[in-house]
$ cat final02.csv   # CSV, C-alpha atoms
chain,number,residue,atom,x,y,z
A,1,MET,CA,-38.8,-9.3,16.1
A,2,MET,CA,-38.0,-7.5,12.9
A,3,THR,CA,-36.9,-4.3,14.6
A,4,ALA,CA,-34.7,-6.2,17.0
A,5,LYS,CA,-32.9,-7.8,14.1
A,6,LEU,CA,-32.6,-4.5,12.3
A,7,GLU,CA,-31.1,-2.9,15.5
A,8,GLU,CA,-28.6,-5.8,15.7
A,9,LYS,CA,-27.6,-5.2,12.1
A,10,LYS,CA,-27.2,-1.5,12.6
A,11,HIS,CA,-25.1,-2.2,15.7
A,12,TYR,CA,-22.7,-4.5,13.8
A,13,ILE,CA,-22.4,-2.0,10.9
A,14,LEU,CA,-21.4,0.7,13.3
A,15,LYS,CA,-19.1,-1.5,15.4
A,16,ASP,CA,-17.2,-2.7,12.3
A,17,PHE,CA,-16.9,0.8,10.9
A,18,ILE,CA,-15.5,2.1,14.1
A,19,GLU,CA,-13.1,-0.9,14.4
A,20,GLY,CA,-11.9,-0.1,10.8
A,21,SER,CA,-11.5,3.6,11.6
A,22,ARG,CA,-9.5,2.8,14.7
A,23,LEU,CA,-7.1,0.6,12.7
A,24,SER,CA,-6.7,3.2,10.1
A,25,ILE,CA,-5.7,6.2,12.2
A,26,PRO,CA,-1.9,5.4,12.1
A,27,ILE,CA,-2.2,4.8,8.3
A,28,ALA,CA,-3.9,8.2,7.8
A,29,LEU,CA,-1.3,10.0,9.9
A,30,GLY,CA,1.6,8.2,8.2
A,31,TYR,CA,0.2,9.2,4.8
A,32,PHE,CA,0.5,12.8,5.7
A,33,PRO,CA,4.2,13.3,5.2
A,34,VAL,CA,4.1,11.2,2.0
A,35,SER,CA,1.3,13.1,0.3
A,36,PHE,CA,2.7,16.3,1.7
A,37,THR,CA,5.9,15.6,-0.3
A,38,PHE,CA,3.7,14.8,-3.3
A,39,GLY,CA,1.9,18.1,-3.1
A,40,LEU,CA,5.1,19.9,-2.9
A,41,MET,CA,6.7,18.2,-5.8
A,42,ALA,CA,3.7,18.5,-8.1
A,43,VAL,CA,3.2,22.2,-7.5
A,44,ARG,CA,6.9,22.8,-8.0
A,45,GLY,CA,6.6,21.0,-11.3
A,46,GLY,CA,4.0,23.6,-12.4
A,47,ILE,CA,0.7,21.8,-11.9
A,48,PRO,CA,-2.1,24.0,-10.6
A,49,VAL,CA,-2.9,23.4,-6.9
A,50,TRP,CA,-6.5,22.2,-7.5
A,51,ILE,CA,-5.4,19.7,-10.0
A,52,VAL,CA,-2.7,18.4,-7.6
A,53,ILE,CA,-5.3,17.8,-5.0
A,54,LEU,CA,-7.6,16.3,-7.6
A,55,ILE,CA,-4.8,13.8,-8.5
A,56,SER,CA,-4.6,12.6,-4.9
A,57,MET,CA,-8.4,12.4,-4.6
A,58,THR,CA,-8.8,10.4,-7.7
A,59,ASN,CA,-5.7,8.2,-7.6
A,60,LEU,CA,-5.0,7.5,-3.9
A,61,THR,CA,-1.7,5.7,-4.5
A,62,SER,CA,1.9,6.6,-3.8
A,63,ALA,CA,4.3,5.3,-6.4
A,64,GLY,CA,1.9,5.4,-9.4
A,65,GLN,CA,0.9,8.9,-8.7
A,66,PHE,CA,4.4,10.2,-8.3
A,67,ALA,CA,5.5,8.5,-11.5
A,68,GLY,CA,2.4,9.6,-13.5
A,69,THR,CA,2.6,13.2,-12.3
A,70,ASN,CA,6.3,13.4,-13.2
A,71,LEU,CA,5.4,12.2,-16.7
A,72,ILE,CA,2.6,14.9,-17.0
A,73,ILE,CA,5.1,17.5,-15.9
A,74,ALA,CA,7.6,16.2,-18.5
A,75,GLY,CA,4.9,16.5,-21.1
A,76,ALA,CA,4.7,12.8,-21.9
A,77,GLY,CA,1.9,11.3,-24.1
A,78,LEU,CA,-1.2,9.7,-22.7
A,79,ALA,CA,-0.1,6.2,-23.7
A,80,GLU,CA,3.1,6.5,-21.9
A,81,ILE,CA,1.4,7.8,-18.8
A,82,ALA,CA,-1.2,5.0,-19.0
A,83,VAL,CA,1.3,2.2,-19.4
A,84,THR,CA,3.8,3.4,-16.8
A,85,THR,CA,1.1,4.0,-14.2
A,86,PHE,CA,-0.6,0.7,-15.0
A,87,VAL,CA,2.6,-1.3,-14.6
A,88,ILE,CA,3.3,0.2,-11.2
A,89,ASN,CA,-0.3,-0.5,-10.2
A,90,ILE,CA,-0.6,-4.1,-11.4
A,91,ARG,CA,0.3,-5.2,-7.8
A,92,TYR,CA,-3.1,-4.0,-6.8
A,93,MET,CA,-4.6,-6.9,-8.8
A,94,LEU,CA,-2.8,-9.3,-6.6
A,95,MET,CA,-3.9,-7.5,-3.5
A,96,SER,CA,-7.6,-7.2,-4.5
A,97,LEU,CA,-7.6,-10.8,-5.5
A,98,SER,CA,-6.2,-11.7,-2.2
A,99,LEU,CA,-8.7,-9.5,-0.4
A,100,SER,CA,-11.6,-11.0,-2.4
A,101,GLN,CA,-10.9,-14.3,-0.6
A,102,LYS,CA,-11.0,-12.6,2.8
A,103,LEU,CA,-14.3,-10.9,2.4
A,104,ALA,CA,-17.4,-11.9,4.3
A,105,ASN,CA,-20.1,-13.7,2.3
A,106,GLY,CA,-22.8,-11.8,0.4
A,107,ILE,CA,-21.1,-8.4,-0.2
A,108,SER,CA,-22.9,-6.9,-3.2
A,109,SER,CA,-21.1,-5.9,-6.4
A,110,LEU,CA,-21.8,-2.2,-5.9
A,111,LYS,CA,-20.1,-2.4,-2.5
A,112,ARG,CA,-17.2,-4.2,-4.0
A,113,TRP,CA,-16.7,-1.5,-6.6
A,114,VAL,CA,-16.8,1.1,-3.9
A,115,MET,CA,-14.4,-0.5,-1.5
A,116,ALA,CA,-12.0,-1.2,-4.3
A,117,PHE,CA,-11.3,2.5,-4.6
A,118,GLY,CA,-9.6,2.6,-1.2
A,119,VAL,CA,-7.4,-0.5,-1.5
A,120,THR,CA,-3.8,0.7,-0.9
A,121,ASP,CA,-0.7,-1.1,0.1
A,122,GLU,CA,-1.4,-0.3,3.8
A,123,THR,CA,-5.2,-0.6,4.0
A,124,PHE,CA,-4.9,-4.0,2.2
A,125,THR,CA,-2.1,-5.2,4.4
A,126,VAL,CA,-3.9,-4.3,7.6
A,127,ALA,CA,-7.2,-5.9,6.3
A,128,ALA,CA,-5.2,-9.0,5.3
A,129,MET,CA,-3.7,-9.4,8.7
A,130,GLN,CA,-7.0,-9.3,10.6
A,131,LYS,CA,-8.0,-12.7,12.0
A,132,ARG,CA,-11.6,-12.2,10.9
A,133,ASP,CA,-13.6,-11.9,7.7
A,134,ILE,CA,-13.6,-8.4,6.2
A,135,THR,CA,-17.1,-6.8,6.0
A,136,PHE,CA,-18.0,-3.7,4.0
A,137,PRO,CA,-18.3,-1.4,7.0
A,138,LEU,CA,-14.9,-2.6,8.3
A,139,MET,CA,-13.2,-1.9,5.0
A,140,ALA,CA,-15.0,1.4,4.6
A,141,GLY,CA,-13.8,2.5,8.0
A,142,LEU,CA,-10.3,1.3,7.2
A,143,GLU,CA,-10.3,3.4,4.0
A,144,LEU,CA,-12.0,6.6,4.9
A,145,LEU,CA,-9.4,8.3,7.2
A,146,PRO,CA,-6.4,7.4,5.0
A,147,TYR,CA,-8.3,8.9,2.1
A,148,VAL,CA,-8.8,12.1,4.0
A,149,GLY,CA,-5.2,12.1,5.3
A,150,TRP,CA,-3.9,11.6,1.8
A,151,ALA,CA,-5.9,14.5,0.4
A,152,ALA,CA,-5.2,16.8,3.3
A,153,GLY,CA,-1.5,16.1,3.2
A,154,THR,CA,-1.4,16.9,-0.5
A,155,ALA,CA,-3.3,20.1,0.0
A,156,ALA,CA,-0.9,21.1,2.8
A,157,GLY,CA,2.1,20.3,0.7
A,158,ALA,CA,0.7,22.2,-2.3
A,159,ALA,CA,0.0,25.2,-0.1
A,160,VAL,CA,3.4,25.3,1.5
A,161,CYS,CA,5.1,24.6,-1.9
A,162,THR,CA,8.6,26.1,-1.6
A,163,LEU,CA,9.3,26.9,2.0
A,164,LEU,CA,10.6,23.5,3.0
A,165,PRO,CA,14.4,22.9,3.1
A,166,GLU,CA,15.7,20.1,0.9
A,167,THR,CA,17.1,18.2,3.9
A,168,LEU,CA,13.7,17.9,5.4
A,169,GLN,CA,12.1,16.9,2.1
A,170,ASN,CA,14.7,14.2,1.7
A,171,SER,CA,14.0,12.9,5.2
A,172,MET,CA,10.3,12.5,4.4
A,173,GLY,CA,11.1,10.0,1.7
A,174,ILE,CA,11.6,7.4,4.3
A,175,ALA,CA,8.0,7.7,5.7
A,176,LEU,CA,6.3,5.3,3.3
A,177,TYR,CA,9.0,2.6,3.6
A,178,SER,CA,9.1,2.8,7.4
A,179,MET,CA,5.4,2.2,7.4
A,180,PHE,CA,5.9,-0.9,5.3
A,181,ILE,CA,8.5,-2.1,7.7
A,182,ALA,CA,6.2,-1.5,10.7
A,183,LEU,CA,3.7,-3.7,9.0
A,184,VAL,CA,5.8,-6.6,7.8
A,185,ILE,CA,8.3,-7.1,10.7
A,186,PRO,CA,5.8,-7.9,13.5
A,187,ALA,CA,4.1,-10.3,11.1
A,188,ALA,CA,7.3,-12.0,10.1
A,189,LYS,CA,8.3,-12.3,13.8
A,190,LYS,CA,5.2,-14.3,14.5
A,191,SER,CA,4.9,-16.5,11.4
A,192,ARG,CA,7.7,-18.4,9.8
A,193,PRO,CA,6.1,-18.7,6.4
A,194,ALA,CA,5.5,-14.9,6.4
A,195,PHE,CA,9.2,-14.4,7.3
A,196,MET,CA,10.4,-16.7,4.5
A,197,VAL,CA,8.0,-15.2,1.9
A,198,ALA,CA,9.0,-11.6,2.7
A,199,GLY,CA,12.7,-12.5,2.8
A,200,CYS,CA,12.4,-14.4,-0.5
A,201,ALA,CA,10.7,-11.4,-2.1
A,202,ILE,CA,13.4,-9.1,-0.8
A,203,ALA,CA,16.1,-11.4,-2.3
A,204,ILE,CA,14.4,-11.5,-5.7
A,205,SER,CA,13.7,-7.8,-5.7
A,206,SER,CA,17.4,-7.0,-4.9
A,207,THR,CA,18.6,-9.4,-7.6
A,208,LEU,CA,16.3,-7.8,-10.2
A,209,LYS,CA,17.4,-4.4,-9.2
A,210,TRP,CA,21.2,-4.9,-9.0
A,211,LEU,CA,22.0,-7.6,-11.5
A,212,PRO,CA,22.9,-5.8,-14.8
A,213,VAL,CA,21.1,-8.5,-16.8
A,214,PHE,CA,17.8,-7.4,-15.4
A,215,SER,CA,18.4,-3.6,-15.7
A,216,THR,CA,15.5,-3.2,-18.1
A,217,VAL,CA,13.0,-4.5,-15.5
A,218,SER,CA,11.0,-1.5,-14.2
A,219,GLY,CA,10.0,-1.0,-10.6
A,220,GLY,CA,6.4,-2.1,-11.1
A,221,TRP,CA,7.4,-5.3,-12.8
A,222,ARG,CA,10.1,-6.0,-10.2
A,223,ILE,CA,7.4,-6.0,-7.4
A,224,ILE,CA,5.1,-8.2,-9.4
A,225,ILE,CA,7.8,-10.8,-10.4
A,226,SER,CA,9.1,-10.9,-6.8
A,227,THR,CA,5.6,-11.3,-5.4
A,228,VAL,CA,4.6,-14.1,-7.7
A,229,ILE,CA,7.8,-16.1,-7.2
A,230,ALA,CA,7.9,-15.6,-3.4
A,231,CYS,CA,4.2,-16.5,-3.0
A,232,THR,CA,4.6,-19.6,-5.3
A,233,LEU,CA,7.5,-20.8,-3.2
A,234,GLY,CA,5.5,-20.0,0.0
A,235,ALA,CA,2.5,-21.9,-1.2
A,236,LEU,CA,4.6,-24.9,-2.2
A,237,LEU,CA,6.7,-25.0,1.0
A,238,PHE,CA,4.1,-24.0,3.5
A,239,PRO,CA,0.7,-25.2,2.4
A,240,PRO,CA,-1.9,-24.0,5.0
A,241,GLU,CA,-2.8,-26.7,7.6
A,242,GLU,CA,-6.5,-25.9,7.4
A,243,ILE,CA,-8.4,-24.1,4.7
A,244,ARG,CA,-11.6,-22.3,5.7
A,245,HIS,CA,-14.5,-23.5,3.6
A,246,GLY,CA,-17.3,-21.0,2.9
A,247,GLY,CA,-20.5,-22.3,4.4
A,248,GLY,CA,-22.1,-25.6,3.3
A,249,ASP,CA,-19.3,-28.0,2.4
A,250,GLU,CA,-19.5,-30.9,0.1
B,1,MET,CA,-4.7,22.4,-19.2
B,2,ASN,CA,-7.0,19.9,-20.9
B,3,LYS,CA,-4.0,17.7,-21.6
B,4,VAL,CA,-3.1,17.7,-17.9
B,5,LEU,CA,-6.6,16.8,-16.9
B,6,ALA,CA,-6.7,14.0,-19.5
B,7,GLY,CA,-3.5,12.7,-18.0
B,8,VAL,CA,-5.0,12.7,-14.5
B,9,LEU,CA,-8.1,10.9,-15.8
B,10,VAL,CA,-6.0,8.2,-17.5
B,11,MET,CA,-3.9,7.8,-14.3
B,12,ALA,CA,-7.1,7.5,-12.2
B,13,LEU,CA,-8.5,4.8,-14.5
B,14,VAL,CA,-5.4,2.6,-14.7
B,15,THR,CA,-5.1,2.9,-10.9
B,16,TYR,CA,-8.8,2.0,-10.2
B,17,LEU,CA,-9.3,-0.9,-12.6
B,18,PRO,CA,-6.6,-3.2,-11.2
B,19,ARG,CA,-8.1,-2.6,-7.7
B,20,ALA,CA,-11.7,-3.1,-8.8
B,21,LEU,CA,-11.8,-5.9,-11.3
B,22,PRO,CA,-10.5,-8.8,-9.1
B,23,LEU,CA,-12.9,-7.8,-6.3
B,24,ALA,CA,-15.8,-7.6,-8.7
B,25,ILE,CA,-15.0,-10.8,-10.6
B,26,PHE,CA,-14.0,-13.2,-7.8
B,27,GLN,CA,-17.2,-13.1,-5.7
B,28,ASN,CA,-16.8,-16.7,-4.5
B,29,LYS,CA,-14.1,-18.4,-2.4
B,30,ILE,CA,-11.5,-20.1,-4.5
B,31,ARG,CA,-11.3,-23.8,-3.7
B,32,SER,CA,-7.7,-24.6,-4.8
B,33,ARG,CA,-5.5,-25.0,-1.7
B,34,PHE,CA,-2.5,-23.8,-3.7
B,35,ILE,CA,-4.1,-20.6,-4.9
B,36,THR,CA,-5.6,-19.8,-1.4
B,37,ALA,CA,-2.1,-20.2,0.2
B,38,PHE,CA,-0.5,-18.2,-2.6
B,39,LEU,CA,-3.0,-15.3,-2.1
B,40,SER,CA,-2.6,-15.4,1.7
B,41,TYR,CA,1.1,-14.7,1.3
B,42,VAL,CA,0.7,-11.8,-1.0
B,43,PRO,CA,0.9,-9.0,1.7
B,44,TYR,CA,4.2,-10.2,3.0
B,45,ALA,CA,5.7,-10.6,-0.5
B,46,VAL,CA,4.5,-7.3,-1.8
B,47,LEU,CA,5.8,-5.4,1.3
B,48,GLY,CA,9.2,-7.2,1.2
B,49,ALA,CA,9.6,-6.4,-2.5
B,50,MET,CA,8.5,-2.8,-2.1
B,51,ILE,CA,10.8,-2.1,0.9
B,52,PHE,CA,14.0,-3.4,-0.4
B,53,PRO,CA,16.1,-2.2,-2.1
B,54,ASP,CA,14.0,0.9,-2.9
B,55,ILE,CA,14.3,2.2,0.7
B,56,LEU,CA,18.0,2.7,0.1
B,57,TYR,CA,17.3,5.3,-2.6
B,58,SER,CA,14.4,7.0,-0.7
B,59,THR,CA,16.4,9.8,0.9
B,60,GLY,CA,19.1,12.2,-0.3
B,61,HIS,CA,22.0,9.9,0.7
B,62,LEU,CA,22.6,6.2,1.2
B,63,PRO,CA,23.9,6.5,4.9
B,64,SER,CA,20.8,8.4,6.0
B,65,ALA,CA,18.6,5.8,4.3
B,66,ILE,CA,20.4,3.0,6.1
B,67,ALA,CA,20.0,4.8,9.4
B,68,GLY,CA,16.2,5.1,8.7
B,69,LEU,CA,16.1,1.4,7.7
B,70,VAL,CA,17.8,0.4,10.9
B,71,ILE,CA,15.7,2.6,13.2
B,72,ALA,CA,12.4,1.5,11.6
B,73,SER,CA,13.4,-2.2,11.7
B,74,VAL,CA,14.4,-2.1,15.4
B,75,MET,CA,11.2,-0.2,16.4
B,76,ALA,CA,9.1,-2.5,14.3
B,77,TYR,CA,10.7,-5.5,15.9
B,78,PHE,CA,9.6,-4.2,19.3
B,79,GLU,CA,6.1,-3.7,17.7
B,80,ARG,CA,5.8,0.0,18.0
B,81,GLY,CA,2.9,1.5,16.1
B,82,LEU,CA,2.9,2.5,12.4
B,83,LEU,CA,3.0,6.3,13.1
B,84,GLN,CA,5.6,6.1,15.8
B,85,VAL,CA,7.9,4.1,13.6
B,86,ALA,CA,7.4,6.5,10.7
B,87,VAL,CA,8.0,9.7,12.7
B,88,CYS,CA,11.2,8.3,14.4
B,89,ALA,CA,12.5,7.1,11.1
B,90,ILE,CA,12.0,10.6,9.6
B,91,ILE,CA,13.7,12.3,12.5
B,92,GLY,CA,16.6,9.9,12.4
B,93,VAL,CA,17.1,10.4,8.7
B,94,TYR,CA,16.8,14.2,9.2
B,95,VAL,CA,19.5,14.2,11.8
B,96,CYS,CA,21.7,12.1,9.5
B,97,GLU,CA,21.0,14.4,6.5
B,98,LEU,CA,22.0,17.5,8.6
B,99,ILE,CA,25.3,15.8,9.6
B,100,ILE,CA,26.0,14.8,6.0
B,101,VAL,CA,25.3,18.2,4.6
B,102,ARG,CA,27.6,19.8,7.2
B,103,MET,CA,30.4,17.4,6.4
B,104,VAL,CA,30.3,17.9,2.6
$ encode --input "final02.csv" --output "structure tokens"
Amino acid sequence: MMTAKLEEKKHYILKDFIEGSRLSIPIALGYFPVSFTFGLMAVRGGIPVWIVILISMTNLTSAGQFAGTNLIIAGAGLAEIAVTTFVINIRYMLMSLSLSQKLANGISSLKRWVMAFGVTDETFTVAAMQKRDITFPLMAGLELLPYVGWAAGTAAGAAVCTLLPETLQNSMGIALYSMFIALVIPAAKKSRPAFMVAGCAIAISSTLKWLPVFSTVSGGWRIIISTVIACTLGALLFPPEEIRHGGGDE
Amino acid sequence: MNKVLAGVLVMALVTYLPRALPLAIFQNKIRSRFITAFLSYVPYAVLGAMIFPDILYSTGHLPSAIAGLVIASVMAYFERGLLQVAVCAIIGVYVCELIIVRMV
């Protein structure tokens, strides 16, 4: 009896991990050109190869990492590095908070601290769009390959360093954004609220970027302000028809 | 060298904490309908705000960025995979960049 249950549990752990890994393959491959560009840029800026790879392995984020590394190259102080990187990364708080509501019941604190490390724009979005609760093995599978892809791309970029023509480097700048597009458009096609919320966020983000009054608003704050306003409008205009209650209810 | 490593450590910390704290703190489901709805819309809003207008400045020139945007959007509309969309957008932008460089 006990062993049968144990077998069943093992089976679900493996199944979820494989499902997560399968979902993560395109993310991992898509990361490659982005982190490649990062490796290239950082080594060019004079940072030793092993530290460049260390940055990718400890940060695992695109925008924050690019900005922080540029500041290091420019010889900025630690406070400036901390504040700039933090502002760019505040959006992860919204993502992790959103993810916390999608997690299966009974995931330990330790596992939460571990899975938090691999929360990126893409792994979060793919997890958030699953129809099911997110378990630890699923999230671990979803995060592992992108982590490897991010580190490997950085290493490759750092090794190649100078050989790449500028035209090709410029072209790789589109990689990250095209991944975002590939994630959001299919979702917006199927759900009117998703369409409206994304559209609203785009409108606010453009306003903040282009209206001279808001010229002091940095990229990180722009994303946060746009997200908060768009989600507030979304929650007011499209309240969910049914809310899942966890377990024993009233 | 130590200064660089200190910078890396600081970056890692301010990247990890925003990810970890909400997951560690909110271990129970939030009851408020409003907040639940708000949080369910976060992925779409974040993606939208991150894509536009930043994508326009992501390549060397505005026309090539627009080409990439259009290619990615059309392919995403027909639900092509993440990787396929990314690779085609890169190729499209690259071709555009080559043309632009020749013309200038």
$ closest_residue --input "final02.csv" --among "A:Pro48, A:Gly106, A:Gly20, A:Gly39" --to "Lys29 of chain B" --atoms "only C-alpha atoms"
A:Gly106
$ interface_residues --input "final02.csv" --of "chain A" --to "chain B" --cutoff "6 Å" --atoms "all atoms listed in the file" --output "JSON, numbers by chain"
{"A": [26, 30, 58, 59, 82, 86, 89, 92, 93, 96, 97, 98, 100, 101, 112, 113, 116, 125, 170, 171, 172, 173, 174, 175, 177, 178, 179, 182, 185, 186, 194, 197, 198, 201, 202, 205, 206, 223, 227, 231, 232, 235]}
$ atom_distance --input "final02.csv" --atom1 "atom CA of Gly153 of chain A" --atom2 "atom CA of Lys111 of chain A"
26.8 Å
$ atom_distance --input "final02.csv" --atom1 "atom CA of Tyr147 of chain A" --atom2 "atom CA of Gln130 of chain A"
20.1 Å
$ closest_residue --input "final02.csv" --among "A:Phe214, A:Trp150, A:Phe180, A:Phe195" --to "Ala28 of chain A" --atoms "all atoms listed in the file"
A:Trp150
$ atom_distance --input "final02.csv" --atom1 "atom CA of Leu236 of chain A" --atom2 "atom CA of Ser191 of chain A"
16.0 Å
$ residues_near_point --input "final02.csv" --point "(-13.7, -3.1, 2.3)" --cutoff "12 Å" --atoms "all atoms listed in the file" --output "ChimeraX atom specification"
/A:16-17,20-21,96,99-104,107-120,123-128,133-144 /B:19-20,23
